[in-house]
Amino acid sequence: MTLSNHKGIILFILFLSTVCCYGQYDGLEGDTKKKPTPDRITDSNQTSRDTQLVDDYQFSSSFKDKIEPYKAIEFMTNGSNNNFYLSLDPQAGYWWNQRILLGGGVHAGLAYNHTSFGGFGFARLTLNNIFIQGEYRHLNTNIQNTLDRQWIGSPIFCLGYSSSIDMSSWVSIGLSTNGAYSENMPFGAFIYRFGYRF
């Protein structure tokens, strides 16, 4: 009976000592550095993913970053009182990587004996300060032989020189390929224009 009482007392003391004592295992080398919790690992991975998204946006350009709006006006005149001619061609378009320009515009022309109006579309390839342009013009003008108004269209090929790479101003010369169109223009098939970007 006495032995069973001693066992009970020892078990009671051991039970109390395990509840009151606190033990910590520091590892073999006694490293006490705090390990990151799973929540912290998730947060750091999330932060790196967010930063990566920002970095990707900064270094990769979108389609809108490669195109640039373009607005300009071209004019042609001879300044002669006997054979006066003036044309104004406002135009707009988009410039792709400062190399390829696609656009269109409207035409208004005034000569000593007739007027003309219409529209056009063009594509321009720039190589530094020199550019090659192809366009199609469709104009309503007086026919030279009958003096009746009629719509006439023609492809036109031009070669030009710009004062700067951003095409702030330029001069171009070209030829129209439609004979009927050329007959009704003041300079025939020959075309020259001055242009300004704004």
# chains A, B, ... in the order shown; residues from 1 in each chain; ligands from 1
>>> residues_around(residues="Gly105 (chain A)", least_positions_apart="2", cutoff="9 Å", atoms="only C-alpha atoms", output="mmCIF file with all heavy atoms, in the first residue's frame")
data_model
loop_
_atom_site.group_PDB
_atom_site.id
_atom_site.type_symbol
_atom_site.label_atom_id
_atom_site.label_comp_id
_atom_site.auth_asym_id
_atom_site.auth_seq_id
_atom_site.Cartn_x
_atom_site.Cartn_y
_atom_site.Cartn_z
ATOM 1 N N ILE A 73 -0.079 68.887 -93.217
ATOM 2 C CA ILE A 73 -0.701 69.506 -94.387
ATOM 3 C C ILE A 73 0.350 69.622 -95.477
ATOM 4 O O ILE A 73 1.522 69.906 -95.211
ATOM 5 C CB ILE A 73 -1.300 70.890 -94.047
ATOM 6 C CG1 ILE A 73 -2.118 71.410 -95.227
ATOM 7 C CG2 ILE A 73 -0.217 71.872 -93.611
ATOM 8 C CD1 ILE A 73 -2.995 72.595 -94.887
ATOM 9 N N ASP A 89 -3.757 70.042 -98.925
ATOM 10 C CA ASP A 89 -4.093 68.651 -98.628
ATOM 11 C C ASP A 89 -3.870 68.352 -97.142
ATOM 12 O O ASP A 89 -2.820 67.819 -96.764
ATOM 13 C CB ASP A 89 -3.247 67.701 -99.474
ATOM 14 C CG ASP A 89 -3.418 67.924 -100.959
ATOM 15 O OD1 ASP A 89 -4.508 68.321 -101.369
ATOM 16 O OD2 ASP A 89 -2.443 67.718 -101.706
ATOM 17 N N PRO A 90 -4.823 68.657 -96.260
ATOM 18 C CA PRO A 90 -4.689 68.215 -94.860
ATOM 19 C C PRO A 90 -4.789 66.698 -94.775
ATOM 20 O O PRO A 90 -5.563 66.076 -95.510
ATOM 21 C CB PRO A 90 -5.845 68.902 -94.136
ATOM 22 C CG PRO A 90 -6.748 69.407 -95.197
ATOM 23 C CD PRO A 90 -6.009 69.453 -96.483
ATOM 24 N N GLN A 91 -4.002 66.113 -93.887
ATOM 25 C CA GLN A 91 -3.938 64.652 -93.805
ATOM 26 C C GLN A 91 -3.689 64.213 -92.369
ATOM 27 O O GLN A 91 -3.182 64.986 -91.545
ATOM 28 C CB GLN A 91 -2.836 64.117 -94.724
ATOM 29 C CG GLN A 91 -1.487 64.754 -94.488
ATOM 30 C CD GLN A 91 -0.510 64.468 -95.609
ATOM 31 O OE1 GLN A 91 0.498 63.818 -95.371
ATOM 32 N NE2 GLN A 91 -0.787 64.959 -96.809
ATOM 33 N N ALA A 92 -4.050 62.973 -92.103
ATOM 34 C CA ALA A 92 -3.844 62.377 -90.781
ATOM 35 C C ALA A 92 -3.575 60.888 -90.960
ATOM 36 O O ALA A 92 -3.956 60.293 -91.967
ATOM 37 C CB ALA A 92 -5.056 62.598 -89.888
ATOM 38 N N GLY A 93 -2.908 60.306 -89.984
ATOM 39 C CA GLY A 93 -2.606 58.881 -90.062
ATOM 40 C C GLY A 93 -1.885 58.408 -88.826
ATOM 41 O O GLY A 93 -1.847 59.083 -87.796
ATOM 42 N N GLY A 103 -1.899 56.726 -93.937
ATOM 43 C CA GLY A 103 -2.812 57.826 -93.679
ATOM 44 C C GLY A 103 -3.675 58.169 -94.867
ATOM 45 O O GLY A 103 -3.658 57.493 -95.899
ATOM 46 N N HIS A 107 -8.505 66.795 -100.333
ATOM 47 C CA HIS A 107 -7.825 67.689 -101.271
ATOM 48 C C HIS A 107 -8.754 68.841 -101.640
ATOM 49 O O HIS A 107 -9.953 68.640 -101.866
ATOM 50 C CB HIS A 107 -7.432 66.919 -102.537
ATOM 51 C CG HIS A 107 -7.081 67.808 -103.686
ATOM 52 N ND1 HIS A 107 -5.836 68.360 -103.841
ATOM 53 C CD2 HIS A 107 -7.831 68.248 -104.730
ATOM 54 C CE1 HIS A 107 -5.828 69.109 -104.944
ATOM 55 N NE2 HIS A 107 -7.035 69.050 -105.498
ATOM 56 N N GLY A 118 -11.477 66.431 -103.478
ATOM 57 C CA GLY A 118 -11.509 64.969 -103.422
ATOM 58 C C GLY A 118 -10.794 64.441 -102.189
ATOM 59 O O GLY A 118 -10.631 65.139 -101.184
ATOM 60 N N GLY A 119 -10.376 63.197 -102.279
ATOM 61 C CA GLY A 119 -9.697 62.544 -101.165
ATOM 62 C C GLY A 119 -8.565 61.662 -101.646
ATOM 63 O O GLY A 119 -8.428 61.388 -102.842
ATOM 64 N N PHE A 120 -7.758 61.200 -100.706
ATOM 65 C CA PHE A 120 -6.607 60.362 -101.053
ATOM 66 C C PHE A 120 -6.189 59.536 -99.852
ATOM 67 O O PHE A 120 -6.480 59.867 -98.699
ATOM 68 C CB PHE A 120 -5.432 61.215 -101.555
ATOM 69 C CG PHE A 120 -4.915 62.195 -100.537
ATOM 70 C CD1 PHE A 120 -3.855 61.866 -99.701
ATOM 71 C CD2 PHE A 120 -5.488 63.451 -100.405
ATOM 72 C CE1 PHE A 120 -3.382 62.768 -98.766
ATOM 73 C CE2 PHE A 120 -5.023 64.358 -99.481
ATOM 74 C CZ PHE A 120 -3.969 64.017 -98.643
ATOM 75 N N GLY A 121 -5.502 58.456 -100.158
ATOM 76 C CA GLY A 121 -4.866 57.616 -99.141
ATOM 77 C C GLY A 121 -3.433 57.365 -99.545
ATOM 78 O O GLY A 121 -3.104 57.362 -100.736
ATOM 79 N N PHE A 122 -2.563 57.150 -98.562
ATOM 80 C CA PHE A 122 -1.144 56.981 -98.898
ATOM 81 C C PHE A 122 -0.447 56.072 -97.896
ATOM 82 O O PHE A 122 -0.918 55.854 -96.778
ATOM 83 C CB PHE A 122 -0.439 58.346 -98.948
ATOM 84 C CG PHE A 122 -0.358 59.044 -97.610
ATOM 85 C CD1 PHE A 122 0.735 58.878 -96.780
ATOM 86 C CD2 PHE A 122 -1.382 59.877 -97.188
ATOM 87 C CE1 PHE A 122 0.808 59.524 -95.563
ATOM 88 C CE2 PHE A 122 -1.327 60.521 -95.974
ATOM 89 C CZ PHE A 122 -0.222 60.353 -95.149
#
>>> atom_distance(atom1="CA of Leu175 (chain A)", atom2="CA of Leu102 (chain A)")
19.5 Å
>>> residues_around(residues="Ile173 (chain A)", least_positions_apart="6", cutoff="9 Å", atoms="only C-alpha atoms", output="list in words")
Phe157, Cys158, Leu159, Gly160, Phe190, Ile191, Tyr192 and Arg193 of chain A
>>> atom_distance(atom1="CA of Arg149 (chain A)", atom2="CA of Gly134 (chain A)")
25.7 Å
>>> closest_residue(among="A:Ser162, A:Thr115, A:Asn97, A:Asn82", to="Ile132 (chain A)", atoms="only C-alpha atoms")
A:Ser162
>>> atom_distance(atom1="CA of Ser116 (chain A)", atom2="CA of Leu139 (chain A)")
6.5 Å
>>> select_by_dssp(residues="region 52-151 of chain A", states="helix (DSSP H, G or I)", output="PyMOL selection string")
chain A and resi 52-59+63-66
>>> write_last_selection(atoms="N, CA, C and O atoms", output="compact mmCIF listing (two decimals), in the first residue's frame")
# COMPACT_ATOMS: atom_id res chain seq x y z
N GLN A 52 7.55 41.45 -60.59
CA GLN A 52 7.86 40.91 -61.91
C GLN A 52 6.89 41.43 -62.95
O GLN A 52 7.27 41.73 -64.07
N LEU A 53 5.59 41.54 -62.59
CA LEU A 53 4.62 42.07 -63.53
C LEU A 53 4.94 43.50 -63.90
O LEU A 53 4.86 43.90 -65.05
N VAL A 54 5.33 44.30 -62.93
CA VAL A 54 5.69 45.69 -63.20
C VAL A 54 6.91 45.76 -64.09
O VAL A 54 6.97 46.52 -65.04
N ASP A 55 7.91 44.90 -63.80
CA ASP A 55 9.13 44.90 -64.62
C ASP A 55 8.82 44.49 -66.05
O ASP A 55 9.37 45.05 -66.99
N ASP A 56 7.94 43.49 -66.24
CA ASP A 56 7.59 43.07 -67.59
C ASP A 56 6.95 44.21 -68.35
O ASP A 56 7.21 44.41 -69.52
N TYR A 57 6.08 44.99 -67.69
CA TYR A 57 5.43 46.11 -68.38
C TYR A 57 6.44 47.18 -68.76
O TYR A 57 6.35 47.78 -69.82
N GLN A 58 7.42 47.40 -67.89
CA GLN A 58 8.39 48.45 -68.16
C GLN A 58 9.27 48.10 -69.35
O GLN A 58 9.67 48.98 -70.10
N PHE A 59 9.61 46.83 -69.53
CA PHE A 59 10.56 46.46 -70.56
C PHE A 59 9.92 45.99 -71.86
O PHE A 59 10.57 45.96 -72.88
N PHE A 63 1.36 47.47 -78.41
CA PHE A 63 1.10 47.95 -79.77
C PHE A 63 0.93 49.46 -79.80
O PHE A 63 1.41 50.14 -80.69
N LYS A 64 0.27 50.00 -78.76
CA LYS A 64 0.03 51.44 -78.72
C LYS A 64 1.32 52.22 -78.54
O LYS A 64 1.40 53.39 -78.92
N ASP A 65 2.33 51.60 -77.91
CA ASP A 65 3.61 52.29 -77.74
C ASP A 65 4.38 52.40 -79.05
O ASP A 65 5.26 53.24 -79.17
N LYS A 66 4.06 51.55 -80.03
CA LYS A 66 4.83 51.55 -81.28
C LYS A 66 4.23 52.45 -82.35
O LYS A 66 4.90 52.74 -83.33
>>> closest_residue(among="A:Leu86, A:Leu127, A:Ala72, A:Ile156", to="Tyr112 (chain A)", atoms="only C-alpha atoms")
A:Leu86
>>> closest_residue(among="A:Glu135, A:Gln150, A:Asn129, A:Asn142", to="Ser163 (chain A)", atoms="only C-alpha atoms")
A:Asn129
>>> closest_residue(among="A:Thr177, A:Thr126, A:Asn140, A:Asn78", to="Ala111 (chain A)", atoms="only C-alpha atoms")
A:Asn78
>>> closest_residue(among="A:Leu88, A:Gly153, A:Trp96, A:Met76", to="Ser182 (chain A)", atoms="only C-alpha atoms")
A:Gly153
